[in-house]
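**Student:** See data-v5.txt below, with compact mmCIF, C-alpha atoms.
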```txt
# COMPACT_ATOMS: atom_id res chain seq x y z
CA MET C 1360 46.22 10.77 12.78
CA ILE C 1361 43.25 8.42 12.48
CA PRO C 1362 42.24 6.61 15.66
CA ALA C 1363 42.33 2.85 15.36
CA THR C 1364 40.98 0.07 17.55
CA ALA C 1365 41.97 -3.53 17.91
CA VAL C 1366 39.05 -5.92 17.86
CA ASP C 1367 39.06 -9.66 17.86
CA PRO C 1368 37.84 -10.83 14.40
CA ALA C 1369 35.49 -13.42 15.92
CA GLU C 1370 33.93 -10.79 18.17
CA PHE C 1371 33.59 -8.40 15.24
CA GLN C 1372 31.86 -11.08 13.15
CA ALA C 1373 29.48 -11.89 16.03
CA VAL C 1374 28.53 -8.23 16.44
CA SER C 1375 28.21 -7.83 12.67
CA LYS C 1376 25.91 -10.88 12.51
CA LYS C 1377 23.72 -9.47 15.30
CA LEU C 1378 23.49 -6.14 13.49
CA ASP C 1379 22.54 -7.92 10.26
CA ASP C 1380 19.79 -9.83 12.10
CA ILE C 1381 18.47 -6.60 13.60
CA GLU C 1382 18.54 -4.93 10.17
CA ASN C 1383 16.61 -7.83 8.63
CA LYS C 1384 13.96 -7.62 11.36
CA VAL C 1385 13.60 -3.86 10.87
CA GLU C 1386 13.30 -4.27 7.08
CA PHE C 1387 10.69 -7.02 7.52
CA THR C 1388 8.69 -4.90 9.96
CA ASN C 1389 8.81 -1.89 7.64
CA ALA C 1390 7.67 -4.06 4.73
CA GLU C 1391 4.73 -5.38 6.76
CA ILE C 1392 3.71 -1.85 7.78
CA GLN C 1393 3.88 -0.62 4.18
CA GLN C 1394 1.92 -3.63 2.94
CA SER C 1395 -0.79 -2.98 5.51
CA ALA C 1396 -0.95 0.70 4.51
CA GLY C 1397 -1.19 -0.33 0.86
CA ARG C 1398 -4.09 -2.66 1.60
CA GLN C 1399 -5.93 0.07 3.48
CA LEU C 1400 -5.38 2.55 0.67
CA GLY C 1401 -6.53 0.00 -1.91
CA ARG C 1402 -9.70 -0.67 0.07
CA GLU C 1403 -10.47 3.02 0.34
CA VAL C 1404 -9.88 3.60 -3.38
CA GLY C 1405 -12.10 0.60 -4.15
CA ILE C 1406 -14.89 2.02 -2.01
CA LEU C 1407 -14.55 5.37 -3.76
CA TYR C 1408 -14.69 3.79 -7.23
CA GLY C 1409 -17.70 1.67 -6.22
CA PHE C 1410 -19.54 4.75 -4.99
CA LEU C 1411 -18.62 6.67 -8.15
CA PHE C 1412 -19.84 3.92 -10.49
CA GLY C 1413 -23.03 3.53 -8.44
CA VAL C 1414 -23.77 7.23 -8.81
CA LEU C 1415 -23.02 7.12 -12.55
CA ILE C 1416 -25.33 4.14 -13.05
CA TYR C 1417 -28.07 5.87 -11.03
CA LEU C 1418 -27.70 9.03 -13.13
CA ALA C 1419 -27.74 7.08 -16.39
CA TYR C 1420 -30.93 5.24 -15.44
CA SER C 1421 -32.61 8.39 -14.19
CA ILE C 1422 -31.75 10.21 -17.43
CA LEU C 1423 -32.98 7.28 -19.53
CA LEU C 1424 -36.26 7.15 -17.63
CA THR C 1425 -36.94 10.86 -18.09
CA ILE C 1426 -36.38 10.88 -21.88
CA PRO C 1427 -39.72 10.48 -23.64
CA GLN C 1428 -39.89 7.51 -25.92
CA ILE C 1429 -39.66 8.17 -29.66
CA ARG C 1430 -42.59 6.99 -31.76
CA LEU C 1431 -41.61 5.67 -35.15
CA ILE C 1432 -45.14 5.47 -36.61
```
For the structure just supplied, provide its representation as structure tokens.
**Tutor:**
Amino acid sequence: MIPATAVDPAEFQAVSKKLDDIENKVEFTNAEIQQSAGRQLGREVGILYGFLFGVLIYLAYSILLTIPQIRLI
């Protein structure tokens, strides 16, 4: 035997609407948190790439400056 309850349909709809509102607020909050985390991660990756390219440019210039120039004549 499955237990059953009798609930007024208007009351059920009111509770259902409140639950939907709460669910929307939770989803919005989670989306904002994830967006903020994504921005932070993007900033950190950007800093890492900037540092990496700076080091590569420094190495390229230092290698080019140490190579003796070739004389054609």
**Student:** Produce the centre coordinates and the three edge lengths, each in Å to one decimal, of the box along x, y and z that contains all listed atoms of stretch 1373-1383 of chain C with 3 Å added on each side, as lines of an AutoDock Vina configuration file.
**Tutor:**
```
center_x = 23.0
center_y = -8.4
center_z = 12.5
size_x = 18.9
size_y = 13.0
size_z = 13.8
```
**Student:** Could you tell me how far atom CA of C:Glu1391 sits from atom CA of C:Leu1407, in Å to one decimal place?
**Tutor:**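 Separation between atom CA of C:Leu1407 and atom CA of C:Glu1391: 24.5 Å.
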**Student:** Rounded to one decimal place, report the atom CA of C:Tyr1408-atom CA of C:Asn1389 distance in Å.
**Tutor:**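 So the two atoms, atom CA of C:Tyr1408 and atom CA of C:Asn1389, lie 28.4 Å apart.
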